[in-house]
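See structure below.
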Amino acid sequence: MSFLGYKDIIEEGDLILAYLNRDTMKPIVINATETLNTRFGSFSHLSMIGKKYGTQIASDKGYGYIHLLQPTAELWTLSLPHRTQIVYTPDSSYITQRLGITSGSRVIEAGTGSASFSHSLARTVSDKGKLFTFEFHKPRFEEAKREFEEHGILGVPVTINHRDVCNDGFEIEDVELNATAIFLDLPSPWTAIPNLPKVISSDERVGICCFSPCIEQVDLTIKALQEHGWTSIEMVEIQGRRWEAKQVMVREADDAIERLKDVKRRKLEGIEKKRKYYSDNGIKKEDLVPENTDAETEEQKSQRMKLLEDEQEKTKVSKTEFNPFGRGLRIKEGEEGYSWVKVSKNEGEIKSHTSYLTFAYKQPAFVKK
Amino acid sequence: MSEEPQYSIPTVIQHGLHAIIRMPSEAKKIITLEKGKSINLGKFGIFDIDEIIGYPYGQTFEVLDNHKVRAIGATIYDTIDPAGDNEQEEGAEEAEATPAPESANATPIPETLSEKIDYLKKLDVQSSSDNRNIVDIGTAQSLSMEDIEELKKTASGANVGEAIIDKLIKSHETFHQKTKQSQEKYLRRKQQKFLRRFTVEYVSSSNLLQYFIEKDASKVLDMSLQSMGMLLTLGNIQPGGRYLVVDETGGLIVAAMLERMQGRGEIMVLHENEHPNHSVLTHTDYPQAMLDRMVKSINILQFFEPEEERVQFQEYTPEQLKELKSNKRTHYYRRKQNAEQINAVIDNAVSGNFHAAILATTLHLNTFLPKLIPSLGGSRPIVAYSQFKEPLVSLQIQSLSDLNLLAPTLQESRCRPYQTIPGRLHPLMTMRGGGGFLYSALKVFPLEKVQAVGRTGVKKQKIVNGEAKVVGEKNKQKETTEI
Ligand SMILES: C[S@@+](CC[C@H](N)C(=O)[O-])C[C@H]1O[C@@H](n2cnc3c(N)ncnc32)[C@H](O)[C@@H]1O
C-alpha cells in the first residue's frame with residue numbers, strides 16, 4: 001500500500017518515487033538487483049534499501065543526487081504518464097471538498113483517463129470507501145488497471161470497469177454501487193446522466209460534478225440535470241495559480257542621485273588634474289593628441305606616446321568607493337550590505353482554463369426511518 | 001493496530017445531533033436537534049424539531065400550519081442564483097414584458113405548484129423568443145407590498161408562498177410573453193422570497209466553512225472552500241495518519257480533518273494558549289470519546305521545551321494513600337491523572353515522525369516553521385495557509401535555501417461562479433475576493449552527513465552548488481535532458 005498509509009523505511013518491493021526535480025519523478029519498484037539510470041547518474045536499488053523515505057542519495061559514482069519519496073496522489077499527478085488530459089490538484093481538491101467526499105465515501109468516476117483524479121479519490125475514500133471508475137477505451141482501461149494494481153489500490157478501494165457508460169450505464173453485476181458522489185469527465189455527460197438513478201444512493205443526498213471544457217457542454221449538462229431531478233445546480237471555474245517568490249534590490253533614488261554627483265565630482269577632478277598637469281609641464285593638450293599625425297616621425301610618435309602614458313598615470317582619478325547597487329559586481333540575491341524587498345510573480349505559464357465544473361445534488365427519497 | 005475504530009458521518013436526522021438549515025434565501029442556521037423544541041425561521045415560518053426527525057440529511061421540507069412540516073421533492077427552480085448577480089430590490093429586480101392584448105392561446109395557469117412548474121417548463125413555444133418587448137418591472141408590476149401582506153394574512157400558512165406566486169403570475173398579463181429564461185428567473189426569485197421551504201443538511205466541514213464565511217469570515221481566517229480543500233489534499237490527509245496541526249480557525253480545520261480520517265489516527269493540536277480554541281467543534285457531532293482519543297493538544301511551550309514542562313509527580317506509597325482523607329485522595333488521583341495525561345502528550349509530541357504539518361496560523365512562519373521541521377517524518381508534507389500572500393512569500397524565499405525542504409511551492413486557488421440558466425451562461429458580475437494562499441513543501445533528509453564525512457560526493461556537489469542560480473539551490477539539480 002504505497003498510496004494509502006505511511007511507511008518510514010524503504011524495503012524490497014516498495015513502490016517509491018525517485019525525485020530528480022520538480023517535473024521529473026520516476027516511479028520504481030525496489031528490487032535489490034536493479035539499478036535506476038537517470039541523467040543524473042545511476043542509483044542502485046541496493047543503495048536505497050534501508051533508507052528513510054525522504055532521504056537524498058548520491059549516485060553510485062557520486063556526482064548526481066535524487067530524493068527518495070513515498071508516492072502520494074498529488075506527486076503522482078505531477079509525474080504520471082499522460083494518456084489524456086488530466087485533472088490537476090486545484091480542481092480535484094475543490095471537487096472532493098465540494099462533493100463532501102471523505103473516507104468511506106462511495107464514488108463513481110467516468111472516464112478514468114490517465115487516472116490522475118482516480119488516485120486522489122482512492123486516497124480520500126481510503127480502504128473503507130469505494131471508487132467505481134469506468135473507461136471505454138481498452139488500452140487506457142488496461143493501463144489504468146495495471147497502475148492501480150501496481151499501486152496497491154486495485155480492489156480496495158478501486159474497481160475499474162471497461163465500459164461505455166453513456167450507452168451501457170454504470171451497473172455492475174452483483175454489486176450495489178449506492179454511490180453518494182459522481183464525477184463525470186467525458187465529452188457528453190448529458191448522455192450518462194440518465195443512467196445514474198440505478199446506481200446512486202436513494203437515502204442520502206448525492207452530489208455530482210461534471211467536468212467539461214466547453215460552455216456548450218455545460219448548457220446541455222444543466223438541461224439534463226434539471227430534467228433528471230438534480231437540484232442546486234451551480235457552475236464554477238477554478239483557477240489555480242502558482243507564485244514565484246524572490247528578492248529584488250531596493251534601489252533608492254537618492255542613492256542614484258548621489259552616484260551621479262559622485263560621477264560628476266570625479267569627472268571634474270580628472271579635468272582639474274589634467275589642467276594642472278599641462279601647466280606644470282608647460283604643454284598643451286594638442287601636444288599629446290595632435291590633429292594631424294601624418295607628418296609625425298616614428299621617433300616623435302614614441303615620445304608622444306610616452307608623454308601620454310605619463311599624463312594618464314599622473315592625472316588618474318581614484319576608483320570610487322560609492323557603488324550603492326553593486327554595479328559590475330556579482331551580487332547574489334539577498335546578499336548582505338544591500339537592502340532587498342520580497343516580491344512574487346505568477347509563474348511563466350498559467351493554466352487559464354481547465355474545465356467548467358457543474359455541480360448538482362439529488363435529494364434523498366423522503367422515506368422516514 | 002488491534003482494534004479498528006471507525007466513525008461514519010450520520011445520514012439520518014436524529015435527536016441530539018446538529019443540523020444546518022438552508023433557507024430559500026440561502027441564509028443558513030445551525031441548530032441543535034433538541035426533543036420537543038421548535039425552530040423559528042422568521043418569515044419562512046416555525047416548525048417543531050420532532051417533525052423532521054428520521055428523515056435523511058439533505059431532505060427539503062415545507063412549513064405547514066401548527067409547526068408541522070411536509071417532506072417534499074426538490075423544487076426545479078432552485079438553481080442557485082447567488083446574491084450579487086443583479087439581485088436588487090422589489091420593483092427594479094426584473095425586466096418585464098410590456099402589457100399586450102389578451103393572448104389567444106393563453107392557457108389557464110394550472111392548479112398545483114408542481115403542475116404549474118411543469119406547465120412552465122413546456123412554455124418553450126409560448127415564451128417570446130427574445131426580449132425586445134421587455135421593459136422594466138416598475139411599470140408592469142401590479143402587486144404591491146400591501147397586497148402581499150394581505151395575502152400572507154388570508155392565505156393559510158402552507159400556501160402563502162404559492163398564493164403569492166399565483167397572484168403575481170396573474171397580475172402580469174404579460175407573463176407568457178416573458179422569455180422562458182426570465183420566467184424561470186422570476187419564479188425562482190419569488191420562490192426564494194416567499195416559499196416556506198428549508199433544507200436540513202448535515203453540518204459538514206464545507207457547510208461549516210460556508211456558514212462562517214457568511215457570518216464572520218475573519219473567524220476562519222478568510223479561508224475559501226477551495227483553499228480548505230487544497231489544504232487537506234496537499235496534506236495528504238487520510239485515515240490512520242498522525243498530524244501536527246496549528247489551527248487558528250477555531251477548530252474548523254480539525255473538524256475537516258476528522259471528516260477525512262474516519263475515526264482512525266491522531267491530530268496533535270499545537271496552540272499558544274492554555275487551551276486550544278475549538279469553538280467551531282461545538283457545532284459538530286463527533287463523539288466525545290472519539291475526540292478524546294484522536295485529538296491531543298499541546299501548547300508551544302510544552303512542545304518546544306518538553307523536558308522543563310513535563311510534570312514531576314510525587315507518587316504516594318499505598319501506605320501514605322491509606323492515610324489520606326477521602327477528599328484528599330480524590331484530589332490526589334485527579335492530579336495524578338492530569339500529570340499522566342500531560343506527560344503522555346509530551347512524550348507523544350517528542351516522538352515526532354508526524355505524517356504532515358498543517359498550519360493555519362498568524363504566528364511568524366519564517367521562525368516558527370523551521371522549529372517544526374524536526375518533528376516531521378521524511379517525505380511528509382508541510383502545508384501552511386495564510387490569508388495574506390506576503391508571509392508566505394517570505395517563507396518561500398527562506399525555504400529555497402533550506403535543504404530540509406523539497407519543492408517549496410506557493411499557490412492560490414480562486415473560484416469563479418457562473419449564472420447557470422441554460423442559454424444564458426456567463427460569469428457572475430461579482431464574486432467573493434480573498435480566500436487565502438497556500439505554501440507547501442516536503443520534508444526531506446539532505447545529504448549533509450556525506451558532506452561532513454567527506455566522501456566522494458563533496459567535490460562534485462560543490463560544482464552543482466556553483467551552478468545553482470538561486471541562493472541555496474544547493475543539491476537541487478537543474479533540468480538538462482530527459483530522464
Ligand atoms: C479527459 S479523460 C479523463 C481524465 C481523468 N479525469 C484524469 O484525471 O486522468 C476522459 C476519458 O473518458 C473516456 N470516455 C469518454 N467517453 C466515455 C464513455 N462513454 N464511457 C467511458 N469512458 C469514456 C475517454 O476514453 C477518456 O479516457
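Each chain in the C-alpha cells gets a letter, A, B, ..., in the order shown, and its residues are numbered from 1; ligands are numbered from 1 in order too.
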
Quiz item: Would you list which chain A residues are within 6 Å of chain B using only C-alpha atoms, as an MDAnalysis selection string?
Solution: chainID A and resid 38:39 53:56 62:63 69 93:94 97 102:103 205 219 232:233 235:243 245:246 368:369

Excluding Gly13 (chain A) and any residue of its chain fewer than 3 positions from it, enumerate the residues within 8 Å of it, using only C-alpha atoms, and give them as a PDB file with C-alpha atoms, in the first residue's frame.
```
ATOM      1  CA  VAL A  29       9.635  -0.783  -7.549  1.00  0.00           C
ATOM      2  CA  ILE A  30      12.594  -1.606  -5.338  1.00  0.00           C
ATOM      3  CA  ASN A  31      14.411  -4.718  -6.488  1.00  0.00           C
TER       4      ASN A  31
END
```

Practice problem: Kindly work out which residues sit at most 8 Å from ligand 1, using only C-alpha atoms and all ligand atoms, and give the list as a PyMOL selection string. | Solution: chain A and resi 82-88+109-118+134-137+140-141+162-167+184-188+192

Could you dump the residues just selected with C-alpha atoms as a PDB file, in the first residue's frame?
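Produced file out-v5.pdb, reproduced below:
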```pdb
ATOM      1  CA  HIS A  82      -0.346  11.335 -19.756  1.00  0.00           C
ATOM      2  CA  ARG A  83      -2.761   9.283 -21.811  1.00  0.00           C
ATOM      3  CA  THR A  84      -5.378  12.042 -21.803  1.00  0.00           C
ATOM      4  CA  GLN A  85      -5.970  15.474 -20.370  1.00  0.00           C
ATOM      5  CA  ILE A  86      -5.871  15.127 -16.624  1.00  0.00           C
ATOM      6  CA  VAL A  87      -7.475  16.741 -13.607  1.00  0.00           C
ATOM      7  CA  TYR A  88      -4.962  18.729 -11.560  1.00  0.00           C
ATOM      8  CA  GLU A 109     -15.936   8.229 -11.861  1.00  0.00           C
ATOM      9  CA  ALA A 110     -16.052   8.145 -15.670  1.00  0.00           C
ATOM     10  CA  GLY A 111     -13.822   8.120 -17.615  1.00  0.00           C
ATOM     11  CA  THR A 112     -10.731   7.005 -15.891  1.00  0.00           C
ATOM     12  CA  GLY A 113      -8.424   8.555 -18.494  1.00  0.00           C
ATOM     13  CA  SER A 114      -4.919   8.863 -17.070  1.00  0.00           C
ATOM     14  CA  ALA A 115      -6.227   8.044 -13.586  1.00  0.00           C
ATOM     15  CA  SER A 116      -4.900  11.261 -12.098  1.00  0.00           C
ATOM     16  CA  PHE A 117      -8.076  12.045 -10.200  1.00  0.00           C
ATOM     17  CA  SER A 118      -8.666   8.330  -9.511  1.00  0.00           C
ATOM     18  CA  PHE A 134     -15.187   3.423 -15.844  1.00  0.00           C
ATOM     19  CA  GLU A 135     -13.200   3.700 -19.067  1.00  0.00           C
ATOM     20  CA  PHE A 136     -14.375   2.651 -22.516  1.00  0.00           C
ATOM     21  CA  HIS A 137     -11.028   2.913 -24.282  1.00  0.00           C
ATOM     22  CA  ARG A 140      -6.414   3.126 -21.375  1.00  0.00           C
ATOM     23  CA  PHE A 141      -8.537   0.824 -19.282  1.00  0.00           C
ATOM     24  CA  HIS A 162     -14.201  -1.383 -19.234  1.00  0.00           C
ATOM     25  CA  ARG A 163     -17.495   0.190 -20.200  1.00  0.00           C
ATOM     26  CA  ASP A 164     -19.183   2.848 -22.283  1.00  0.00           C
ATOM     27  CA  VAL A 165     -21.213   4.458 -19.529  1.00  0.00           C
ATOM     28  CA  CYS A 166     -23.239   6.601 -21.911  1.00  0.00           C
ATOM     29  CA  ASN A 167     -24.661   3.637 -23.767  1.00  0.00           C
ATOM     30  CA  LEU A 184     -18.094  12.750 -14.969  1.00  0.00           C
ATOM     31  CA  ASP A 185     -15.125  13.747 -17.097  1.00  0.00           C
ATOM     32  CA  LEU A 186     -16.219  12.672 -20.550  1.00  0.00           C
ATOM     33  CA  PRO A 187     -17.342  14.514 -23.675  1.00  0.00           C
ATOM     34  CA  SER A 188     -21.105  14.076 -23.259  1.00  0.00           C
ATOM     35  CA  ALA A 192     -24.601   9.443 -18.989  1.00  0.00           C
TER      36      ALA A 192
END
```

Exercise. Would you mind reading off the distance between CA of Met268 (chain B) and CA of Leu208 (chain B), one decimal, in Å?
Key: 21.6 Å

Quiz item: Which residues come within 8 Å of Trp340 (chain A), counting only C-alpha atoms, excluding same-chain residues fewer than 2 positions away, as a VMD selection string?
Solution: chain A and resid 247 to 250 334 338 342

Would you save the residues from that selection as an mmCIF file, in the first residue's frame, using N, CA, C and O atoms?
```
data_model
loop_
_atom_site.group_PDB
_atom_site.id
_atom_site.type_symbol
_atom_site.label_atom_id
_atom_site.label_comp_id
_atom_site.auth_asym_id
_atom_site.auth_seq_id
_atom_site.Cartn_x
_atom_site.Cartn_y
_atom_site.Cartn_z
ATOM 1 N N GLN A 247 13.739 37.970 -4.220
ATOM 2 C CA GLN A 247 14.067 39.261 -3.636
ATOM 3 C C GLN A 247 14.650 40.147 -4.714
ATOM 4 O O GLN A 247 15.461 39.699 -5.519
ATOM 5 N N VAL A 248 14.230 41.390 -4.738
ATOM 6 C CA VAL A 248 14.862 42.332 -5.660
ATOM 7 C C VAL A 248 15.462 43.473 -4.839
ATOM 8 O O VAL A 248 15.002 43.793 -3.749
ATOM 9 N N MET A 249 16.517 44.063 -5.403
ATOM 10 C CA MET A 249 17.254 45.071 -4.658
ATOM 11 C C MET A 249 16.437 46.343 -4.510
ATOM 12 O O MET A 249 15.756 46.776 -5.436
ATOM 13 N N VAL A 250 16.545 46.935 -3.337
ATOM 14 C CA VAL A 250 15.909 48.230 -3.130
ATOM 15 C C VAL A 250 16.887 49.276 -3.646
ATOM 16 O O VAL A 250 17.999 49.408 -3.129
ATOM 17 N N GLY A 334 19.782 38.689 -2.167
ATOM 18 C CA GLY A 334 19.713 38.674 -0.699
ATOM 19 C C GLY A 334 21.037 38.964 -0.014
ATOM 20 O O GLY A 334 21.114 38.923 1.209
ATOM 21 N N TYR A 338 23.294 45.175 1.087
ATOM 22 C CA TYR A 338 22.306 45.811 0.205
ATOM 23 C C TYR A 338 20.951 45.608 0.850
ATOM 24 O O TYR A 338 20.779 44.737 1.690
ATOM 25 N N LYS A 342 10.990 41.653 -0.790
ATOM 26 C CA LYS A 342 10.491 40.342 -1.208
ATOM 27 C C LYS A 342 9.299 40.522 -2.138
ATOM 28 O O LYS A 342 8.368 41.244 -1.807
#
```

Quiz item: Residues at most 12 Å from region 255-263 of chain A, counting only C-alpha atoms, excluding those fewer than 5 positions away in the same chain, as a ChimeraX atom specification?
Solution: /A:250,268-270,317-327,338

Quiz item: Just asking: which residues within region 205-332 of chain A are helix (DSSP H, G or I) according to DSSP, as a VMD selection string?
Solution: chain A and resid 215 to 227 253 to 281 285 to 288 298 to 314

Quiz prompt | Long-range neighbours of Gly251 (chain B) as JSON, numbers by chain, 10 Å cut-off, only C-alpha atoms, 2 positions minimum in chain | solution = {"B": [220, 245, 246, 247, 248, 249, 253, 254, 255, 256, 257, 269, 276, 277, 278, 279, 280, 281, 282]}

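Reported to one decimal place, the separation of CA of Asp91 (chain A) from CA of Lys138 (chain A) is 26.1 Å.
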
Self-check item: DSSP-assigned strand (DSSP E or B) members of region 217-334 of chain A, reported as a PyMOL selection string
Solution: chain A and resi 231-249

For the residues in the current selection, export all heavy atoms as a short mmCIF file (atom, residue, chain, number, x, y, z; two decimals), in the first residue's frame.
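Okay, result_39.cif is ready:
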```cif
data_model
loop_
_atom_site.label_atom_id
_atom_site.label_comp_id
_atom_site.auth_asym_id
_atom_site.auth_seq_id
_atom_site.Cartn_x
_atom_site.Cartn_y
_atom_site.Cartn_z
N THR A 231 -30.81 19.06 -8.38
CA THR A 231 -31.11 20.42 -7.94
C THR A 231 -29.84 21.12 -7.46
O THR A 231 -28.77 20.55 -7.47
CB THR A 231 -32.14 20.41 -6.81
OG1 THR A 231 -31.56 19.75 -5.69
CG2 THR A 231 -33.41 19.70 -7.22
N SER A 232 -30.06 22.36 -7.01
CA SER A 232 -28.95 23.19 -6.54
C SER A 232 -27.81 23.22 -7.55
O SER A 232 -26.65 23.07 -7.21
CB SER A 232 -28.39 22.69 -5.20
OG SER A 232 -29.39 22.70 -4.23
N ILE A 233 -28.18 23.41 -8.81
CA ILE A 233 -27.16 23.39 -9.85
C ILE A 233 -26.31 24.66 -9.79
O ILE A 233 -26.83 25.76 -9.73
CB ILE A 233 -27.82 23.25 -11.24
CG1 ILE A 233 -28.60 21.94 -11.31
CG2 ILE A 233 -26.78 23.34 -12.35
CD1 ILE A 233 -29.50 21.79 -12.50
N GLU A 234 -25.03 24.44 -9.76
CA GLU A 234 -24.10 25.57 -9.77
C GLU A 234 -22.95 25.25 -10.69
O GLU A 234 -22.54 24.09 -10.80
CB GLU A 234 -23.52 25.81 -8.37
CG GLU A 234 -24.43 26.61 -7.47
CD GLU A 234 -23.74 26.92 -6.14
OE1 GLU A 234 -22.69 27.58 -6.14
OE2 GLU A 234 -24.25 26.47 -5.13
N MET A 235 -22.45 26.27 -11.36
CA MET A 235 -21.28 26.04 -12.21
C MET A 235 -20.20 27.04 -11.84
O MET A 235 -20.47 28.22 -11.63
CB MET A 235 -21.69 26.18 -13.67
CG MET A 235 -20.64 25.69 -14.65
SD MET A 235 -19.55 26.98 -15.20
CE MET A 235 -20.47 27.53 -16.65
N VAL A 236 -18.99 26.54 -11.74
CA VAL A 236 -17.86 27.40 -11.39
C VAL A 236 -16.65 27.01 -12.23
O VAL A 236 -16.61 25.98 -12.87
CB VAL A 236 -17.46 27.28 -9.90
CG1 VAL A 236 -18.63 27.58 -8.98
CG2 VAL A 236 -16.88 25.90 -9.59
N GLU A 237 -15.69 27.89 -12.17
CA GLU A 237 -14.41 27.62 -12.80
C GLU A 237 -13.35 27.83 -11.73
O GLU A 237 -13.42 28.81 -10.98
CB GLU A 237 -14.22 28.66 -13.90
CG GLU A 237 -13.50 28.19 -15.10
CD GLU A 237 -13.28 29.34 -16.06
OE1 GLU A 237 -14.02 30.34 -16.01
OE2 GLU A 237 -12.36 29.23 -16.84
N ILE A 238 -12.41 26.91 -11.66
CA ILE A 238 -11.36 27.04 -10.65
C ILE A 238 -10.08 27.48 -11.34
O ILE A 238 -9.71 26.93 -12.38
CB ILE A 238 -11.12 25.68 -9.95
CG1 ILE A 238 -12.34 25.28 -9.13
CG2 ILE A 238 -9.87 25.73 -9.06
CD1 ILE A 238 -12.63 26.17 -7.95
N GLN A 239 -9.45 28.47 -10.76
CA GLN A 239 -8.18 28.88 -11.32
C GLN A 239 -7.09 28.76 -10.27
O GLN A 239 -7.12 29.45 -9.25
CB GLN A 239 -8.28 30.31 -11.83
CG GLN A 239 -7.27 30.53 -12.93
CD GLN A 239 -7.50 31.83 -13.64
OE1 GLN A 239 -7.40 32.89 -13.04
NE2 GLN A 239 -7.81 31.76 -14.92
N GLY A 240 -6.20 27.82 -10.51
CA GLY A 240 -5.08 27.64 -9.60
C GLY A 240 -3.89 28.42 -10.14
O GLY A 240 -3.65 28.44 -11.34
N ARG A 241 -3.20 29.10 -9.25
CA ARG A 241 -2.03 29.86 -9.70
C ARG A 241 -0.86 29.60 -8.79
O ARG A 241 -1.00 29.59 -7.58
CB ARG A 241 -2.32 31.36 -9.65
CG ARG A 241 -3.24 31.75 -10.71
CD ARG A 241 -3.11 33.22 -10.97
NE ARG A 241 -3.90 33.51 -12.16
CZ ARG A 241 -4.13 34.73 -12.60
NH1 ARG A 241 -3.64 35.76 -11.96
NH2 ARG A 241 -4.84 34.91 -13.69
N ARG A 242 0.29 29.42 -9.41
CA ARG A 242 1.50 29.28 -8.61
C ARG A 242 2.27 30.59 -8.66
O ARG A 242 2.25 31.30 -9.66
CB ARG A 242 2.36 28.15 -9.16
CG ARG A 242 1.63 26.84 -9.16
CD ARG A 242 2.48 25.71 -8.64
NE ARG A 242 3.73 25.58 -9.37
CZ ARG A 242 4.32 24.40 -9.57
NH1 ARG A 242 3.77 23.30 -9.11
NH2 ARG A 242 5.47 24.33 -10.22
N TRP A 243 2.92 30.88 -7.56
CA TRP A 243 3.67 32.13 -7.46
C TRP A 243 5.14 31.84 -7.25
O TRP A 243 5.49 30.95 -6.48
CB TRP A 243 3.15 32.98 -6.30
CG TRP A 243 1.75 33.44 -6.50
CD1 TRP A 243 0.60 32.77 -6.19
CD2 TRP A 243 1.34 34.68 -7.08
NE1 TRP A 243 -0.49 33.52 -6.54
CE2 TRP A 243 -0.07 34.70 -7.08
CE3 TRP A 243 2.04 35.78 -7.59
CZ2 TRP A 243 -0.80 35.77 -7.59
CZ3 TRP A 243 1.30 36.84 -8.09
CH2 TRP A 243 -0.11 36.83 -8.09
N GLU A 244 5.97 32.60 -7.95
CA GLU A 244 7.41 32.54 -7.73
C GLU A 244 7.78 33.68 -6.81
O GLU A 244 7.39 34.82 -7.05
CB GLU A 244 8.15 32.73 -9.06
CG GLU A 244 8.38 31.44 -9.79
CD GLU A 244 8.91 31.68 -11.20
OE1 GLU A 244 9.25 32.82 -11.54
OE2 GLU A 244 8.94 30.69 -11.95
N ALA A 245 8.54 33.37 -5.78
CA ALA A 245 8.93 34.41 -4.85
C ALA A 245 10.42 34.68 -4.99
O ALA A 245 11.20 33.76 -5.20
CB ALA A 245 8.62 33.97 -3.42
N LYS A 246 10.80 35.92 -4.92
CA LYS A 246 12.22 36.25 -4.96
C LYS A 246 12.46 37.59 -4.30
O LYS A 246 11.53 38.26 -3.87
CB LYS A 246 12.76 36.23 -6.37
CG LYS A 246 12.02 37.19 -7.31
CD LYS A 246 12.51 37.03 -8.73
CE LYS A 246 13.63 38.02 -9.00
NZ LYS A 246 14.36 37.82 -10.21
N GLN A 247 13.74 37.97 -4.22
CA GLN A 247 14.07 39.26 -3.64
C GLN A 247 14.65 40.15 -4.71
O GLN A 247 15.46 39.70 -5.52
CB GLN A 247 15.09 39.09 -2.52
CG GLN A 247 14.62 38.12 -1.46
CD GLN A 247 15.60 38.05 -0.31
OE1 GLN A 247 15.70 38.96 0.48
NE2 GLN A 247 16.33 36.95 -0.23
N VAL A 248 14.23 41.39 -4.74
CA VAL A 248 14.86 42.33 -5.66
C VAL A 248 15.46 43.47 -4.84
O VAL A 248 15.00 43.79 -3.75
CB VAL A 248 13.86 42.90 -6.71
CG1 VAL A 248 13.38 41.79 -7.63
CG2 VAL A 248 12.71 43.60 -6.05
N MET A 249 16.52 44.06 -5.40
CA MET A 249 17.25 45.07 -4.66
C MET A 249 16.44 46.34 -4.51
O MET A 249 15.76 46.78 -5.44
CB MET A 249 18.56 45.37 -5.39
CG MET A 249 19.56 46.12 -4.53
SD MET A 249 20.98 46.57 -5.50
CE MET A 249 21.83 45.01 -5.59
#
```

Exercise. Tell me, as a ChimeraX atom specification, which residues lie within 9 Å of Phe304 (chain B), counting only C-alpha atoms; anything in the same chain fewer than 3 positions away does not count.
Key: /B:299-301,307,350,371-372

Emit the selected residues as a tab-separated table (two decimals), in the first residue's frame, including all heavy atoms.
```tsv
chain	number	residue	atom	x	y	z
B	299	ASN	N	0.58	22.94	24.22
B	299	ASN	CA	0.91	24.32	23.90
B	299	ASN	C	2.36	24.41	23.44
B	299	ASN	O	3.14	23.47	23.62
B	299	ASN	CB	0.58	25.28	25.06
B	299	ASN	CG	1.47	25.07	26.26
B	299	ASN	OD1	2.67	24.86	26.14
B	299	ASN	ND2	0.87	25.11	27.44
B	300	ILE	N	2.70	25.54	22.83
B	300	ILE	CA	4.02	25.58	22.18
B	300	ILE	C	5.14	25.58	23.21
B	300	ILE	O	6.25	25.15	22.89
B	300	ILE	CB	4.16	26.74	21.17
B	300	ILE	CG1	3.83	28.08	21.79
B	300	ILE	CG2	3.31	26.52	19.94
B	300	ILE	CD1	4.11	29.24	20.83
B	301	LEU	N	4.87	25.99	24.42
B	301	LEU	CA	5.91	25.91	25.45
B	301	LEU	C	6.21	24.43	25.73
B	301	LEU	O	7.36	24.00	25.73
B	301	LEU	CB	5.44	26.63	26.72
B	301	LEU	CG	6.37	26.52	27.93
B	301	LEU	CD1	7.75	27.10	27.60
B	301	LEU	CD2	5.77	27.24	29.13
B	307	GLU	N	11.18	19.00	28.21
B	307	GLU	CA	11.80	18.50	29.44
B	307	GLU	C	11.43	19.37	30.63
B	307	GLU	O	11.13	18.86	31.71
B	307	GLU	CB	13.31	18.36	29.28
B	307	GLU	CG	13.72	17.34	28.20
B	307	GLU	CD	12.84	16.08	28.16
B	307	GLU	OE1	12.49	15.55	29.23
B	307	GLU	OE2	12.47	15.64	27.04
B	350	VAL	N	7.15	14.49	21.45
B	350	VAL	CA	8.60	14.31	21.35
B	350	VAL	C	8.94	13.18	20.38
B	350	VAL	O	9.94	13.23	19.67
B	350	VAL	CB	9.21	14.05	22.75
B	350	VAL	CG1	10.63	13.53	22.64
B	350	VAL	CG2	9.16	15.33	23.57
B	371	LYS	N	11.29	25.45	13.27
B	371	LYS	CA	11.29	24.75	14.55
B	371	LYS	C	10.45	23.47	14.50
B	371	LYS	O	10.60	22.58	15.34
B	371	LYS	CB	10.71	25.67	15.64
B	371	LYS	CG	11.66	26.74	16.13
B	371	LYS	CD	10.87	27.87	16.80
B	371	LYS	CE	10.72	27.69	18.30
B	371	LYS	NZ	11.94	28.08	19.03
B	372	LEU	N	9.51	23.41	13.56
B	372	LEU	CA	8.62	22.24	13.48
B	372	LEU	C	9.20	21.13	12.62
B	372	LEU	O	8.84	19.96	12.76
B	372	LEU	CB	7.26	22.66	12.91
B	372	LEU	CG	6.44	23.65	13.72
B	372	LEU	CD1	5.19	24.04	12.94
B	372	LEU	CD2	6.07	23.07	15.08
```

Quiz prompt | Ser202 (chain A) environment, 10 Å, only C-alpha atoms, sequence neighbours closer than 2 positions dropped, as a list in words | solution = Asn178, Ala179, Thr180, Pro197, Lys198, Val199, Ile200, Glu204, Arg205, Val206, Lys362, Gln363, Pro364, Ala365, Phe366 and Val367 of chain A; Pro56 of chain B
